[in-house]
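Since the structure comes first, as structure tokens, the remarks are kept for the end.
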Amino acid sequence: MRRRDLDYILILAMLLSGSYVALTGVVAGLFGFPQFFLHRYAGYLCAILVLIHIFLKRRSISLYLRRRWKKQERPHTSPADKPGMTSGRRHFLIAGLAAAGGFVAGLLFPFRRPPQPPSDTADIGELYHRWSKPGYASLLSAFSDWGERPEQYKTYPEVKKFMLPDPGGYRGLSLEDAIEARRSIREYSGEGLLLEELSRLIHAAQGITATRRGLRASPSAGALYPIELYPVVHNVVGLEPGLYHYSVRDHALELLHAGDLRAATVKASLGQGFLGQAGVCFALTAIFQRTRWRYRERAYRYVLLEAGHIGQNLYLAAASMGLGACAVGAFLDDEWNNLLQVDGREEAVIYIISVGSTGRK
């Protein structure tokens with residue numbers, strides 16, 4: 001193999017390895033990957049190739065440096081040396097730029113460092129919070145594939161459906177009084193809830209309040225409404241106990257499983273007995289893709305915020321009617337997901353809220 005052939009092979013190898021380092025640095029920064037496949041080793045390879053190239057071109061580089069930096073007269077070179085010296089400077093410059101570009105792209109792009117694995121001062125929630133901050137990378141993430149928009153409404157057309165009473169017309173406590181009265185109440189009288197009360201609670205949580213636009217009682221990022229409502233009915237007058245799903249468009253309940261689910265509810269909630277004494281337990285699930293397709297890395301933040309909005313609406317509606325409510329975040333995710341027959345990935349339980357009669361209406 002001739003010397004010139006070796007030079008070109010080295011240049012091609014430096015170009016490929018440097019490009020790989022730069023590309024994987026961009027991808028790692030864009031998606032927040034702490035590591036990326038072979039990124040580090042491609043950087044090492046590029047550095048080694050640069051050193052080999054410098055060694056093979058050491059004579060031309062030495063002549064160039066003496067001429068430029070020591071301001072000496074240019075040494076006499078034969079015609080055969082001139083192309084080599086010129087080629088050496090050009091190759092050295094290409095190698096240096098490739099290495100520098102890969103270094104900059106891997107460490108700095110896109111203006112934030114990838115999150116590091118959890119340590120004593122960081123948990124996975126903190127890492128997500130940092131990763132989902134808006135910035136230049138968020139603009140670039142718009143070019144990534146975040147999936148298609150799913151259906152806006154979930155229904156169970158094959159099951160029995162119960163229409164709920166009209167929730168309008170009731171006037172309980174004023175908003176100001178309901179805010180003052182709101183407490184987390186875990187003790188219930190055992191008296192059954194009225195079907196009208198259940199209808200008002202559900203309407204306050206997820207009911208449509210602007211029919212033409214489909215807007216609901218609680219705010220939602222982009223009006224995408226990722227939350228589904230599953231009432232687990234224990235004691236509601238005129239309604240069979242069991243697991244239901246709220247059909248938003250019809251203001252109706254779809255019966256998924258009939259039967260006494262008090263023991264299953266308590267077991268799935270780490271033995272918190274008051275959940276079995278309540279008249280109804282509302283399980284809130286999230287279909288994450290409804291928000292993810294538009295808001296990308298911010299989606300999980302927005303979904304949890306919306307669950308909080310719904311929870312407060314249920315609290316205030318319960319207080320207005322003289323009922324007690326209590327929100328629960330400590331529960332066994334897999335147990336609740338299995339109870340509701342959701343996969344825990346595309347749709348998962350994120351919040352439980354019990355409501356019951358307190359005997360103080």
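Residue names in the structure tokens use chain letters A, B, ... in the order shown, residue numbers from 1 in each chain, and ligand numbers from 1 in the order shown.
The list of residues with at least one atom within 9 Å of Ile353 (chain A), based on only C-alpha atoms and without residues fewer than 4 positions apart in the same chain, reads A:Leu275, A:Val280, A:Cys281, A:Phe282, A:Ala283, A:Leu284, A:Gly311, A:Leu314, A:Tyr315, A:Ala325, A:Cys326, A:Ala327, A:Val328, A:Gly329.
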Resulting file, chosen residues, N, CA and C atoms, as a compact mmCIF listing (two decimals), in the first residue's frame:
```txt
# COMPACT_ATOMS: atom_id res chain seq x y z
N LEU A 275 -61.41 3.33 52.43
CA LEU A 275 -61.79 3.24 51.02
C LEU A 275 -62.91 2.21 50.81
N VAL A 280 -68.36 5.65 47.26
CA VAL A 280 -67.77 5.46 45.94
C VAL A 280 -66.29 5.84 46.01
N CYS A 281 -65.46 5.15 45.24
CA CYS A 281 -64.05 5.51 45.08
C CYS A 281 -63.82 5.81 43.59
N PHE A 282 -63.31 6.97 43.33
CA PHE A 282 -63.02 7.35 41.95
C PHE A 282 -61.56 7.02 41.63
N ALA A 283 -61.36 6.16 40.66
CA ALA A 283 -60.02 5.87 40.18
C ALA A 283 -59.78 6.68 38.91
N LEU A 284 -58.74 7.50 38.93
CA LEU A 284 -58.38 8.32 37.78
C LEU A 284 -57.22 7.65 37.05
N GLY A 311 -59.18 16.32 41.12
CA GLY A 311 -59.29 15.99 42.53
C GLY A 311 -59.86 17.15 43.34
N LEU A 314 -63.58 17.50 42.79
CA LEU A 314 -64.33 16.51 43.55
C LEU A 314 -64.42 16.90 45.02
N TYR A 315 -63.32 17.39 45.56
CA TYR A 315 -63.31 17.85 46.96
C TYR A 315 -64.36 18.95 47.17
N ALA A 325 -64.65 13.76 51.42
CA ALA A 325 -63.78 13.24 50.35
C ALA A 325 -62.36 13.12 50.87
N CYS A 326 -61.62 12.18 50.30
CA CYS A 326 -60.21 12.04 50.65
C CYS A 326 -59.43 11.51 49.45
N ALA A 327 -58.38 12.21 49.09
CA ALA A 327 -57.53 11.80 47.97
C ALA A 327 -56.43 10.87 48.47
N VAL A 328 -56.10 9.87 47.68
CA VAL A 328 -55.11 8.86 48.05
C VAL A 328 -54.08 8.74 46.94
N GLY A 329 -52.81 8.88 47.32
CA GLY A 329 -51.72 8.66 46.36
C GLY A 329 -50.93 7.41 46.66
```
Using only C-alpha atoms, determine which residues lie at most 8 Å from region 147-150 of chain A, disregarding the query and same-chain residues fewer than 2 positions distant; provide the list as an MDAnalysis selection string.
chainID A and resid 145 152 289:290 292:293
Pick from A:Gly276, A:Asp5, A:Ala252, A:Tyr41, whichever lies nearest to Val21 (chain A) using only C-alpha atoms:
A:Tyr41
Atomic separation - CA of Gly172 (chain A) relative to CA of Ala210 (chain A), Å
21.6 Å
Within 12 Å of Tyr300 (chain A), counting only C-alpha atoms, which residues show up once you throw out same-chain ones fewer than 3 positions away? Write them as JSON, numbers by chain, please.
{"A": [125, 128, 129, 131, 132, 221, 226, 227, 286, 287, 288, 289, 290, 291, 292, 293, 294, 295, 296, 297, 303, 304, 305, 306, 307, 348, 350]}
Using only C-alpha atoms, can you tell me which of A:Gly222, A:Pro165, A:Ser320, A:Leu51 comes closest to Gly238 (chain A)?
A:Pro165
One-decimal distance in Å that lies between CA of Arg298 (chain A) and CA of Tyr20 (chain A)
28.8 Å
I want to know what sits within 12 Å of Ala178 (chain A), based on only C-alpha atoms, with residues of the same chain fewer than 5 positions away left out; could you give that as number ranges by chain?
A: 171-173, 183, 312-324
Residue selection dump (N, CA and C atoms) as a compact mmCIF listing (two decimals), in the first residue's frame:
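Result written to out35.txt:
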```txt
# COMPACT_ATOMS: atom_id res chain seq x y z
N ARG A 171 -78.02 23.79 44.13
CA ARG A 171 -77.25 24.90 44.69
C ARG A 171 -76.89 24.56 46.13
N GLY A 172 -75.62 24.24 46.35
CA GLY A 172 -75.16 23.93 47.69
C GLY A 172 -74.42 25.11 48.29
N LEU A 173 -73.30 24.83 48.93
CA LEU A 173 -72.49 25.90 49.49
C LEU A 173 -71.94 26.78 48.38
N ARG A 183 -61.98 19.54 53.58
CA ARG A 183 -61.01 18.78 54.37
C ARG A 183 -60.91 17.37 53.80
N GLN A 312 -59.39 18.36 43.08
CA GLN A 312 -59.91 19.51 43.81
C GLN A 312 -61.38 19.77 43.48
N ASN A 313 -61.76 19.58 42.23
CA ASN A 313 -63.18 19.73 41.88
C ASN A 313 -64.05 18.74 42.65
N LEU A 314 -63.58 17.50 42.79
CA LEU A 314 -64.33 16.51 43.55
C LEU A 314 -64.42 16.90 45.02
N TYR A 315 -63.32 17.39 45.56
CA TYR A 315 -63.31 17.85 46.96
C TYR A 315 -64.36 18.95 47.17
N LEU A 316 -64.34 19.95 46.30
CA LEU A 316 -65.25 21.09 46.48
C LEU A 316 -66.71 20.70 46.25
N ALA A 317 -66.96 19.83 45.27
CA ALA A 317 -68.33 19.38 45.04
C ALA A 317 -68.83 18.57 46.23
N ALA A 318 -67.97 17.72 46.79
CA ALA A 318 -68.36 16.95 47.96
C ALA A 318 -68.64 17.86 49.15
N ALA A 319 -67.77 18.84 49.39
CA ALA A 319 -67.97 19.78 50.50
C ALA A 319 -69.25 20.56 50.31
N SER A 320 -69.56 20.95 49.09
CA SER A 320 -70.77 21.73 48.82
C SER A 320 -72.03 20.94 49.14
N MET A 321 -71.97 19.61 49.00
CA MET A 321 -73.14 18.77 49.27
C MET A 321 -73.12 18.16 50.67
N GLY A 322 -72.13 18.54 51.48
CA GLY A 322 -72.06 17.99 52.83
C GLY A 322 -71.49 16.59 52.89
N LEU A 323 -70.76 16.17 51.88
CA LEU A 323 -70.13 14.86 51.83
C LEU A 323 -68.66 14.98 52.21
N GLY A 324 -68.04 13.84 52.49
CA GLY A 324 -66.62 13.82 52.80
C GLY A 324 -65.82 13.20 51.68
```
Between CA of Ala223 (chain A) and CA of Asn338 (chain A) - distance in Å to one decimal
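Separation of CA of Asn338 (chain A) and CA of Ala223 (chain A): 28.2 Å.
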